[in-house]
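Peer 1: target31.pdb is the file, holding PDB, C-alpha atoms, pLDDT in the B column:
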ATOM      1  CA  MET A   1      13.194  32.828 -36.348  1.00 66.00           C
ATOM      2  CA  ALA A   2      13.687  29.088 -35.782  1.00 73.00           C
ATOM      3  CA  THR A   3      14.297  29.614 -32.068  1.00 76.00           C
ATOM      4  CA  LYS A   4      10.945  31.384 -31.675  1.00 78.00           C
ATOM      5  CA  ARG A   5       9.180  28.405 -33.300  1.00 80.00           C
ATOM      6  CA  VAL A   6      11.006  25.963 -31.035  1.00 77.00           C
ATOM      7  CA  LEU A   7       9.994  28.071 -28.044  1.00 77.00           C
ATOM      8  CA  ILE A   8       6.343  28.194 -29.111  1.00 83.00           C
ATOM      9  CA  VAL A   9       6.043  24.547 -30.230  1.00 83.00           C
ATOM     10  CA  PHE A  10       8.052  22.755 -27.532  1.00 86.00           C
ATOM     11  CA  VAL A  11       8.798  24.893 -24.494  1.00 86.00           C
ATOM     12  CA  LEU A  12       5.504  26.744 -23.996  1.00 86.00           C
ATOM     13  CA  PRO A  13       3.346  23.568 -23.874  1.00 88.00           C
ATOM     14  CA  VAL A  14       5.690  22.067 -21.278  1.00 90.00           C
ATOM     15  CA  ILE A  15       5.481  25.181 -19.106  1.00 92.00           C
ATOM     16  CA  PHE A  16       1.671  25.305 -19.356  1.00 92.00           C
ATOM     17  CA  SER A  17       1.419  21.574 -18.566  1.00 94.00           C
ATOM     18  CA  VAL A  18       3.537  21.944 -15.429  1.00 93.00           C
ATOM     19  CA  ILE A  19       1.510  24.952 -14.259  1.00 94.00           C
ATOM     20  CA  PHE A  20      -1.828  23.198 -14.909  1.00 92.00           C
ATOM     21  CA  ALA A  21      -0.702  19.947 -13.229  1.00 91.00           C
ATOM     22  CA  SER A  22       0.524  21.863 -10.187  1.00 90.00           C
ATOM     23  CA  ALA A  23      -2.809  23.648  -9.878  1.00 89.00           C
ATOM     24  CA  VAL A  24      -4.762  20.385 -10.116  1.00 86.00           C
ATOM     25  CA  LEU A  25      -2.543  18.583  -7.586  1.00 81.00           C
ATOM     26  CA  THR A  26      -2.730  21.519  -5.181  1.00 82.00           C
ATOM     27  CA  ASP A  27      -6.526  21.433  -5.388  1.00 81.00           C
ATOM     28  CA  ILE A  28      -6.624  17.660  -4.816  1.00 77.00           C
ATOM     29  CA  LEU A  29      -4.247  17.806  -1.862  1.00 76.00           C
ATOM     30  CA  GLN A  30      -6.458  20.404  -0.165  1.00 77.00           C
ATOM     31  CA  LYS A  31      -9.223  17.794   0.226  1.00 73.00           C
ATOM     32  CA  PRO A  32      -8.404  15.539   3.215  1.00 69.00           C
ATOM     33  CA  ASP A  33     -10.932  12.846   2.228  1.00 65.00           C
ATOM     34  CA  ARG A  34      -9.077  11.980  -0.984  1.00 62.00           C
ATOM     35  CA  GLU A  35      -7.623   8.472  -1.173  1.00 60.00           C
ATOM     36  CA  LEU A  36      -5.289   6.916  -3.700  1.00 56.00           C
ATOM     37  CA  ASN A  37      -6.328   3.303  -4.260  1.00 55.00           C
ATOM     38  CA  MET A  38      -3.760   1.708  -6.538  1.00 53.00           C
ATOM     39  CA  TRP A  39      -4.860  -1.869  -5.737  1.00 53.00           C
ATOM     40  CA  PRO A  40      -8.636  -1.972  -6.281  1.00 51.00           C
ATOM     41  CA  MET A  41      -8.788  -5.726  -5.569  1.00 48.00           C
ATOM     42  CA  SER A  42     -10.803  -6.244  -2.432  1.00 46.00           C
ATOM     43  CA  TYR A  43     -10.370  -9.177  -0.117  1.00 42.00           C
ATOM     44  CA  SER A  44     -13.053  -9.877   2.424  1.00 38.00           C
ATOM     45  CA  GLU A  45     -11.660 -10.002   5.908  1.00 40.00           C
ATOM     46  CA  GLY A  46     -12.032 -13.227   7.844  1.00 40.00           C
ATOM     47  CA  SER A  47     -14.293 -15.947   6.613  1.00 41.00           C
ATOM     48  CA  SER A  48     -17.025 -15.299   4.120  1.00 39.00           C
ATOM     49  CA  SER A  49     -20.432 -14.140   5.214  1.00 42.00           C
ATOM     50  CA  HIS A  50     -23.776 -13.977   3.488  1.00 46.00           C
ATOM     51  CA  ASN A  51     -23.581 -10.243   2.718  1.00 57.00           C
ATOM     52  CA  THR A  52     -20.489 -10.528   0.519  1.00 72.00           C
ATOM     53  CA  PRO A  53     -20.690 -11.166  -3.227  1.00 83.00           C
ATOM     54  CA  ILE A  54     -18.530 -14.304  -2.904  1.00 87.00           C
ATOM     55  CA  GLU A  55     -18.747 -17.017  -0.257  1.00 90.00           C
ATOM     56  CA  ILE A  56     -16.691 -20.126   0.534  1.00 92.00           C
ATOM     57  CA  ILE A  57     -18.929 -23.170   1.051  1.00 91.00           C
ATOM     58  CA  GLY A  58     -17.905 -26.358   2.829  1.00 91.00           C
ATOM     59  CA  LEU A  59     -14.796 -25.098   4.637  1.00 92.00           C
ATOM     60  CA  SER A  60     -14.421 -26.678   8.075  1.00 92.00           C
ATOM     61  CA  LYS A  61     -12.395 -25.119  10.867  1.00 93.00           C
ATOM     62  CA  GLN A  62     -10.312 -28.270  11.344  1.00 93.00           C
ATOM     63  CA  TYR A  63      -9.104 -31.195   9.205  1.00 94.00           C
ATOM     64  CA  THR A  64      -6.911 -34.235   9.804  1.00 92.00           C
ATOM     65  CA  THR A  65      -3.810 -34.970   7.722  1.00 91.00           C
ATOM     66  CA  SER A  66      -5.719 -37.665   5.813  1.00 92.00           C
ATOM     67  CA  GLU A  67      -8.937 -35.695   5.280  1.00 93.00           C
ATOM     68  CA  PRO A  68      -9.278 -33.703   2.022  1.00 92.00           C
ATOM     69  CA  VAL A  69     -10.106 -29.992   2.035  1.00 93.00           C
ATOM     70  CA  GLU A  70     -13.129 -29.813  -0.258  1.00 92.00           C
ATOM     71  CA  ILE A  71     -14.768 -26.467  -0.942  1.00 92.00           C
ATOM     72  CA  GLN A  72     -17.071 -24.799  -3.402  1.00 90.00           C
ATOM     73  CA  VAL A  73     -17.713 -21.136  -4.031  1.00 90.00           C
ATOM     74  CA  LYS A  74     -21.019 -19.265  -4.215  1.00 88.00           C
ATOM     75  CA  VAL A  75     -21.106 -15.982  -6.150  1.00 86.00           C
ATOM     76  CA  ASP A  76     -24.053 -13.609  -5.653  1.00 84.00           C
ATOM     77  CA  ASP A  77     -22.922 -10.856  -8.034  1.00 80.00           C
ATOM     78  CA  SER A  78     -24.553 -11.103 -11.473  1.00 77.00           C
ATOM     79  CA  SER A  79     -21.623  -9.328 -13.162  1.00 77.00           C
ATOM     80  CA  PHE A  80     -19.574 -12.454 -12.360  1.00 78.00           C
ATOM     81  CA  SER A  81     -21.883 -14.942 -14.099  1.00 79.00           C
ATOM     82  CA  CYS A  82     -18.895 -16.114 -16.184  1.00 84.00           C
ATOM     83  CA  GLY A  83     -15.216 -15.920 -15.385  1.00 87.00           C
ATOM     84  CA  ASP A  84     -12.168 -17.661 -13.949  1.00 90.00           C
ATOM     85  CA  LEU A  85     -12.043 -19.024 -10.406  1.00 91.00           C
ATOM     86  CA  TYR A  86      -8.773 -19.356  -8.495  1.00 93.00           C
ATOM     87  CA  ILE A  87      -8.500 -21.170  -5.165  1.00 93.00           C
ATOM     88  CA  THR A  88      -5.195 -20.870  -3.299  1.00 93.00           C
ATOM     89  CA  ILE A  89      -4.189 -22.332   0.057  1.00 93.00           C
ATOM     90  CA  TYR A  90      -1.448 -20.479   1.923  1.00 93.00           C
ATOM     91  CA  SER A  91       0.503 -21.399   5.019  1.00 89.00           C
ATOM     92  CA  SER A  92      -1.036 -18.994   7.539  1.00 78.00           C
ATOM     93  CA  GLY A  93       1.212 -16.063   8.428  1.00 76.00           C
ATOM     94  CA  LYS A  94       3.976 -17.112   6.017  1.00 73.00           C
ATOM     95  CA  SER A  95       2.286 -16.451   2.654  1.00 76.00           C
ATOM     96  CA  ASP A  96       3.822 -19.642   1.257  1.00 86.00           C
ATOM     97  CA  VAL A  97       1.563 -21.153  -1.403  1.00 90.00           C
ATOM     98  CA  ILE A  98       0.721 -24.736  -0.468  1.00 90.00           C
ATOM     99  CA  THR A  99      -1.570 -25.516  -3.408  1.00 90.00           C
ATOM    100  CA  GLN A 100      -3.556 -23.661  -6.034  1.00 91.00           C
ATOM    101  CA  GLY A 101      -6.398 -24.578  -8.345  1.00 90.00           C
ATOM    102  CA  GLY A 102      -7.641 -22.694 -11.377  1.00 90.00           C
ATOM    103  CA  PHE A 103     -11.053 -23.249 -12.919  1.00 89.00           C
ATOM    104  CA  PHE A 104     -11.391 -21.362 -16.185  1.00 89.00           C
ATOM    105  CA  GLU A 105     -14.516 -20.267 -18.073  1.00 86.00           C
ATOM    106  CA  GLN A 106     -16.838 -20.932 -15.141  1.00 83.00           C
ATOM    107  CA  CYS A 107     -20.406 -19.962 -16.066  1.00 82.00           C
ATOM    108  CA  PHE A 108     -23.316 -20.578 -13.731  1.00 70.00           C
ATOM    109  CA  GLU A 109     -25.685 -23.352 -14.615  1.00 62.00           C
ATOM    110  CA  SER A 110     -29.410 -22.602 -14.694  1.00 59.00           C
ATOM    111  CA  GLY A 111     -30.163 -20.778 -11.435  1.00 66.00           C
ATOM    112  CA  SER A 112     -27.243 -22.227  -9.453  1.00 71.00           C
ATOM    113  CA  LYS A 113     -24.490 -19.868  -8.354  1.00 79.00           C
ATOM    114  CA  ILE A 114     -22.191 -22.606  -7.022  1.00 82.00           C
ATOM    115  CA  ILE A 115     -18.846 -23.113  -8.769  1.00 83.00           C
ATOM    116  CA  PRO A 116     -16.702 -24.861  -9.927  1.00 81.00           C
ATOM    117  CA  VAL A 117     -19.232 -26.319 -12.351  1.00 79.00           C
ATOM    118  CA  GLY A 118     -18.591 -29.941 -13.360  1.00 77.00           C
ATOM    119  CA  ASP A 119     -15.400 -30.064 -11.293  1.00 81.00           C
ATOM    120  CA  SER A 120     -14.316 -29.931  -7.663  1.00 82.00           C
ATOM    121  CA  PHE A 121     -11.531 -28.546  -5.497  1.00 89.00           C
ATOM    122  CA  SER A 122     -10.178 -31.230  -3.202  1.00 90.00           C
ATOM    123  CA  GLU A 123      -6.699 -31.232  -1.665  1.00 91.00           C
ATOM    124  CA  ILE A 124      -5.131 -33.244   1.145  1.00 92.00           C
ATOM    125  CA  ILE A 125      -2.748 -31.241   3.329  1.00 92.00           C
ATOM    126  CA  ALA A 126      -0.378 -33.659   5.035  1.00 91.00           C
ATOM    127  CA  THR A 127       1.483 -31.162   7.236  1.00 90.00           C
ATOM    128  CA  PRO A 128      -0.212 -30.076  10.475  1.00 92.00           C
ATOM    129  CA  GLY A 129      -0.565 -26.337  10.936  1.00 91.00           C
ATOM    130  CA  SER A 130      -2.725 -23.296  10.325  1.00 93.00           C
ATOM    131  CA  TYR A 131      -3.730 -22.430   6.755  1.00 94.00           C
ATOM    132  CA  GLU A 132      -5.600 -19.762   4.856  1.00 93.00           C
ATOM    133  CA  VAL A 133      -7.687 -20.347   1.731  1.00 93.00           C
ATOM    134  CA  VAL A 134      -8.279 -17.475  -0.698  1.00 93.00           C
ATOM    135  CA  THR A 135     -10.875 -17.735  -3.459  1.00 93.00           C
ATOM    136  CA  GLU A 136     -10.863 -15.189  -6.260  1.00 92.00           C
ATOM    137  CA  MET A 137     -13.307 -14.846  -9.139  1.00 90.00           C
ATOM    138  CA  VAL A 138     -12.181 -12.805 -12.156  1.00 90.00           C
ATOM    139  CA  SER A 139     -14.927 -11.771 -14.589  1.00 86.00           C
ATOM    140  CA  LYS A 140     -14.558 -11.474 -18.342  1.00 83.00           C
ATOM    141  CA  GLN A 141     -14.428  -7.693 -17.822  1.00 84.00           C
ATOM    142  CA  LEU A 142     -11.365  -8.302 -15.573  1.00 86.00           C
ATOM    143  CA  LYS A 143     -13.156  -7.270 -12.381  1.00 87.00           C
ATOM    144  CA  ASN A 144     -12.462  -9.470  -9.393  1.00 88.00           C
ATOM    145  CA  ILE A 145     -13.907 -10.388  -6.035  1.00 91.00           C
ATOM    146  CA  SER A 146     -12.426 -12.621  -3.385  1.00 91.00           C
ATOM    147  CA  ALA A 147     -12.969 -14.184   0.018  1.00 92.00           C
ATOM    148  CA  LYS A 148     -10.700 -15.687   2.661  1.00 92.00           C
ATOM    149  CA  GLY A 149     -11.115 -18.440   5.198  1.00 92.00           C
ATOM    150  CA  THR A 150      -8.829 -20.095   7.721  1.00 93.00           C
ATOM    151  CA  PHE A 151      -8.529 -23.674   8.938  1.00 94.00           C
ATOM    152  CA  THR A 152      -6.129 -25.920  10.814  1.00 93.00           C
ATOM    153  CA  VAL A 153      -4.776 -29.367  10.036  1.00 93.00           C
ATOM    154  CA  LYS A 154      -4.006 -31.688  12.962  1.00 92.00           C
TER     155      LYS A 154
END
Just give me the structure as structure tokens.
Peer 2:
Amino acid sequence: MATKRVLIVFVLPVIFSVIFASAVLTDILQKPDRELNMWPMSYSEGSSSHNTPIEIIGLSKQYTTSEPVEIQVKVDDSSFSCGDLYITIYSSGKSDVITQGGFFEQCFESGSKIIPVGDSFSEIIATPGSYEVVTEMVSKQLKNISAKGTFTVK
């Protein structure tokens, strides 16, 4: 009697779950347009443009070793009116982090969509080479948008 209960309570649900999951996966795999996107973070390719929700402002193509890299970020997506801004400079092609700045609780001032508010990102890169700057805005709902730009230091 106890073995019938074990069979009904534990084994049957496992068998039905495997059968149902197999049917669902078979149906999904029959559709060639399906895509598994495990990393929904989107990085804009190349430098920012006006049609993206985030744009790097003030980034020059070339700097000297004594000239600071000073940038600001413009966000055109209203769902990112408040959030955290991260600016990271990488050594181009090597993914080595050169410097990073975090600006927390950034909320747009009246009408302006330029951040960081009341602060600035300014770094001097003393080593000549090619670099990539990545800006990422993370909203309070944990959505994020980002943009990339490249520059050289001579």
Peer 1: Evaluate the PyMOL selection byres ((chain A and resi 87-104) around 10) against this structure - the residues, as a PyMOL selection string, please.
Peer 2: chain A and resi 69+71-73+82-86+105-107+115-117+119-125+129-138+146-152
Peer 1: Could you state the separation of atom CA of Glu67 of chain A and atom CA of Ile54 of chain A in Å, given to one decimal place?
Peer 2: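 That distance, rounded to one decimal, is 24.8 Å.
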Peer 1: Measure the distance from atom CA of Ala2 of chain A to atom CA of Phe16 of chain A in Å and round it to one decimal.
Peer 2: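 Here the two named atoms are 20.7 Å from each other.
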Peer 1: To one decimal in Å, tell me the separation between atom CA of Glu55 of chain A and atom CA of Asp77 of chain A.
Peer 2: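 Between these atoms lies a distance of 10.8 Å.
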